[in-house]
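The next block is target_28.cif, given as mmCIF, C-alpha atoms and all ligand atoms.
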data_target
#
loop_
_atom_site.label_atom_id
_atom_site.label_comp_id
_atom_site.auth_asym_id
_atom_site.auth_seq_id
_atom_site.Cartn_x
_atom_site.Cartn_y
_atom_site.Cartn_z
CA MET A 1 -8.59 33.26 -1.91
CA ASP A 2 -12.14 34.51 -2.31
CA GLU A 3 -14.84 32.17 -3.45
CA SER A 4 -14.80 33.12 -7.12
CA ASP A 5 -11.05 32.32 -7.24
CA VAL A 6 -11.78 28.94 -5.68
CA ILE A 7 -14.46 28.25 -8.28
CA ASP A 8 -12.18 29.36 -11.10
CA ARG A 9 -9.55 26.94 -9.86
CA VAL A 10 -12.07 24.05 -9.87
CA LEU A 11 -13.11 24.88 -13.43
CA GLN A 12 -9.52 25.24 -14.57
CA GLU A 13 -8.63 21.82 -13.14
CA ALA A 14 -11.81 20.33 -14.63
CA ALA A 15 -10.80 21.62 -18.06
CA ASP A 16 -7.84 19.21 -17.99
CA LEU A 17 -10.00 16.10 -17.55
CA THR A 18 -9.78 13.73 -20.47
CA PRO A 19 -10.40 10.04 -21.13
CA THR A 20 -7.11 8.17 -21.09
CA PRO A 21 -6.41 4.60 -22.11
CA GLY A 22 -4.86 2.65 -19.29
CA PHE A 23 -5.44 -0.37 -17.21
CA VAL A 24 -8.55 1.08 -15.58
CA ASN A 25 -10.23 1.61 -18.94
CA GLY A 26 -11.13 -1.61 -20.69
CA ASP A 27 -12.30 -2.87 -24.08
CA THR A 28 -16.00 -2.09 -23.90
CA TYR A 29 -17.85 1.21 -23.57
CA SER A 30 -19.28 0.37 -20.16
CA GLN A 31 -15.77 0.00 -18.72
CA TRP A 32 -14.72 3.48 -19.74
CA TYR A 33 -14.78 6.48 -17.51
CA VAL A 34 -12.95 9.75 -17.15
CA GLU A 35 -10.46 9.61 -14.32
CA THR A 36 -10.24 12.57 -11.99
CA SER A 37 -6.93 14.25 -11.17
CA VAL A 38 -5.21 15.04 -7.88
CA GLY A 39 -5.37 18.72 -8.88
CA LEU A 40 -9.15 18.62 -9.31
CA LEU A 41 -9.65 16.75 -6.02
CA LYS A 42 -7.56 19.38 -4.22
CA ALA A 43 -9.44 22.21 -5.94
CA LEU A 44 -12.76 20.61 -4.92
CA ALA A 45 -11.45 20.25 -1.36
CA GLY A 46 -10.64 23.96 -1.43
CA LEU A 47 -14.17 24.75 -2.61
CA ALA A 48 -15.69 22.54 0.07
CA ALA A 49 -13.53 24.29 2.68
CA ALA A 50 -14.61 27.72 1.39
CA ARG A 51 -18.24 26.60 1.79
CA GLY A 52 -17.58 25.36 5.32
CA GLN A 53 -18.19 21.70 4.47
CA LEU A 54 -15.53 20.18 6.68
CA ALA A 55 -16.39 16.50 6.33
CA LEU A 56 -16.38 16.80 2.53
CA THR A 57 -13.11 18.75 2.63
CA GLU A 58 -11.48 15.99 4.68
CA ARG A 59 -12.81 13.31 2.33
CA LEU A 60 -11.67 15.05 -0.86
CA GLU A 61 -8.25 15.82 0.62
CA ARG A 62 -7.89 12.19 1.60
CA PHE A 63 -8.84 11.03 -1.88
CA ALA A 64 -6.22 13.38 -3.33
CA GLY A 65 -3.81 10.99 -1.61
CA PRO A 66 -1.47 9.46 -0.89
CA MET A 67 -3.57 6.58 0.43
CA CYS A 68 -2.68 3.10 1.66
CA PHE A 69 -4.59 1.20 -1.08
CA GLU A 70 -4.09 -2.18 0.57
CA VAL A 71 -6.70 -4.53 -0.86
CA THR A 72 -8.12 -7.10 1.54
CA GLY A 73 -11.02 -9.20 0.30
CA ASP A 74 -13.20 -6.81 -1.71
CA LYS A 75 -12.20 -3.73 0.28
CA VAL A 76 -9.53 -1.16 -0.48
CA CYS A 77 -7.98 0.84 2.36
CA VAL A 78 -8.26 4.61 1.85
CA ALA A 79 -6.37 5.64 4.99
CA MET A 80 -4.00 8.57 4.53
CA VAL A 81 -0.31 7.71 4.47
CA ARG A 82 2.94 9.65 4.74
CA ALA A 83 4.12 8.95 1.18
CA GLU A 84 2.97 7.25 -2.02
CA GLY A 85 3.42 3.48 -1.88
CA MET A 86 3.50 3.31 1.92
CA PRO A 87 0.97 1.25 3.88
CA CYS A 88 -1.08 2.69 6.76
CA SER A 89 -0.17 1.60 10.29
CA LYS A 90 -2.88 -1.08 10.28
CA HIS A 91 -1.49 -2.60 7.08
CA ALA A 92 2.21 -2.40 7.97
CA PRO A 93 3.97 -5.70 7.09
CA GLU A 94 4.51 -6.62 10.75
CA ASN A 95 0.72 -6.70 11.21
CA GLY A 96 0.35 -9.49 8.63
CA PRO A 97 -0.19 -12.21 11.27
CA THR A 98 -2.96 -10.30 13.09
CA LEU A 99 -4.82 -10.14 9.76
CA GLY A 100 -4.20 -13.83 9.00
CA PHE A 101 -1.38 -13.29 6.53
CA CYS A 102 2.33 -14.10 6.31
CA ALA A 103 4.63 -12.54 8.94
CA TYR A 104 7.53 -11.83 6.57
CA VAL A 105 8.93 -8.29 6.71
CA ALA A 106 11.40 -7.43 3.97
CA PRO A 107 14.56 -5.96 5.51
CA HIS A 108 15.40 -2.35 4.56
CA ASP A 109 12.44 -1.91 2.23
CA GLU A 110 11.73 1.72 1.26
CA GLN A 111 8.07 0.92 0.63
CA PRO A 112 7.32 -2.00 2.94
CA ARG A 113 4.13 -3.83 2.01
CA MET A 114 2.48 -6.75 3.73
CA CYS A 115 2.80 -10.22 2.17
CA LYS A 116 -0.73 -11.53 1.77
CA GLY A 117 0.32 -15.15 1.43
CA ALA A 118 -1.40 -17.63 3.74
CA PRO A 119 0.93 -18.93 6.47
CA LYS A 120 2.25 -22.44 5.81
CA GLU A 121 1.11 -24.94 8.42
CA GLY A 122 3.20 -24.80 11.58
CA THR A 123 4.85 -21.49 10.70
CA ASP A 124 3.92 -17.82 10.59
CA ARG A 125 5.13 -17.33 7.01
CA CYS A 126 3.90 -18.29 3.54
CA ALA A 127 5.72 -21.13 1.78
CA GLU A 128 7.87 -18.78 -0.30
CA HIS A 129 8.98 -16.60 2.60
CA GLU A 130 9.45 -19.59 4.90
CA ALA A 131 12.29 -20.53 2.54
CA HIS A 132 14.15 -17.31 3.40
CA CYS A 133 16.74 -17.83 6.14
CA ARG A 134 15.80 -16.12 9.43
CA ILE A 135 19.19 -16.40 11.11
CA VAL A 136 20.58 -13.13 12.45
CA LYS A 137 24.25 -12.83 11.51
CA LYS A 138 27.09 -11.46 13.65
CA ASN A 139 26.66 -8.02 12.07
CA GLY A 140 23.08 -7.94 13.37
CA LYS A 141 21.46 -8.32 9.93
CA VAL A 142 19.02 -11.07 9.02
CA CYS A 143 20.63 -13.53 6.55
CA GLY A 144 17.53 -13.64 4.30
CA ASN A 145 19.07 -16.11 1.79
CA TRP A 146 16.56 -18.19 -0.12
CA ASN A 147 17.08 -21.90 0.69
CA CYS A 148 20.14 -20.80 2.63
CA PRO A 149 23.10 -23.10 1.93
CA SER A 150 25.08 -22.14 5.06
CA PRO A 151 25.55 -25.26 7.25
CA ALA A 152 25.90 -23.08 10.37
CA HIS A 153 22.56 -21.42 9.63
CA ARG A 154 20.90 -24.79 9.00
CA LYS A 155 22.16 -26.03 12.37
CA ALA A 156 20.94 -22.89 14.13
CA ARG A 157 17.52 -23.25 12.47
CA GLN A 158 17.21 -26.88 13.56
CA ALA A 159 18.23 -25.93 17.11
CA ALA A 160 15.64 -23.12 17.16
CA ALA A 161 12.94 -25.48 15.85
CA ARG A 162 13.58 -27.91 18.72
CA HIS A 163 12.92 -25.21 21.33
ZN ZN A 201 -4.32 0.50 5.09
ZN ZN A 202 5.00 -14.29 2.51
ZN ZN A 203 21.28 -18.09 6.20
#

Will you turn the file into structure tokens for me?
Amino acid sequence: MDESDVIDRVLQEAADLTPTPGFVNGDTYSQWYVETSVGLLKALAGLAAARGQLALTERLERFAGPMCFEVTGDKVCVAMVRAEGMPCSKHAPENGPTLGFCAYVAPHDEQPRMCKGAPKEGTDRCAEHEAHCRIVKKNGKVCGNWNCPSPAHRKARQAAARH
């Protein structure tokens, strides 16, 4: 593409911008803004690339997503991820404990996200996830039942707690 094509593409994408009601736009004027689109971000990245601005290209491409979007404190993670809804490697659920959060990892979750509950005293999980049974069954799967009623699992949990 030559540069005038790249510019045309930016303008064409910009022509589709419009204010849209949604959860980002609130009740008062000052809360309103026009959201950008993935198409415009990509077109701008293309323009930046055509102008040899590599850092800006990388930034705009990253903002076109998909991004991690894990919120910790007042920060949002903008790391690139493999697919929409996925966390970055730093914010994978198994890293919860290193960040001071719950260690629970949902089994077989297509979009695994960290539980940001605070660990209950004496455990590495939040109160809600601590109630999910951790016993690994004969088929190799974690039981996962909430307040598990299985007497065998209760026994195994008590035995594990003693060790
Ligand atoms: Zn992240
Ligand atoms: Zn939890
Ligand atoms: Zn169980």

Neighbour list for Arg62 (chain A) as a PyMOL selection string, cut-off 12 Å, only C-alpha atoms, skip fewer than 3 positions in-chain
chain A and resi 38+41-42+44-45+55-59+65-69+77-82

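The gap separating CA of His91 (chain A) from CA of Glu70 (chain A) is 7.0 Å, in Å to one decimal.
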
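Proximity to ligand ZN 203 (chain A) was assessed for A:Gly46, A:Gly39, A:Gly144, A:Gly26 counting only C-alpha atoms and all ligand atoms; the smallest distance is recorded for A:Gly144.
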
Taking all atoms listed in the file into account, which residues have an atom no farther than 8 Å from ligand ZN 202 (chain A)? I'd like them as a PyMOL selection string.
chain A and resi 101-104+115-119+125-130

Neighbourhood of ligand ZN 203 (chain A) at 6 Å, counting all atoms listed in the file, reported as a PyMOL selection string:
chain A and resi 133+135+143+145+148+150+153

With distances taken over all atoms listed in the file, which residue among A:Asn25, A:Ser89, A:Asn95, A:Ser37 lies nearest ligand ZN 201 (chain A)?
A:Ser89

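Note that CA of Thr123 (chain A) and CA of Ala106 (chain A) are 16.9 Å apart.
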
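CA of Met114 (chain A) is found 23.9 Å from CA of Lys137 (chain A).
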
Selection: 10 Å around Asp2 (chain A), only C-alpha atoms, excl. self and same-chain fewer than 4 positions, as a PDB file with C-alpha atoms, keeping the file's coordinate frame:
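Output contents, as saved in out-v7.pdb:
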ATOM      1  CA  VAL A   6     -11.780  28.940  -5.680  1.00  0.00           C
ATOM      2  CA  ILE A   7     -14.460  28.250  -8.280  1.00  0.00           C
ATOM      3  CA  LEU A  47     -14.170  24.750  -2.610  1.00  0.00           C
ATOM      4  CA  ALA A  50     -14.610  27.720   1.390  1.00  0.00           C
TER       5      ALA A  50
END

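Of the listed residues A:Gly22, A:Pro87, A:Pro93, A:Gly122, the one whose atoms come nearest to Val34 (chain A) is A:Gly22, with distances taken using only C-alpha atoms.
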
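For the set A:Ala83, A:Val136, A:Ala159, A:Ala92, the residue with the smallest atom-to-atom gap to ligand ZN 201 (chain A) is A:Ala92, counting only C-alpha atoms and all ligand atoms.
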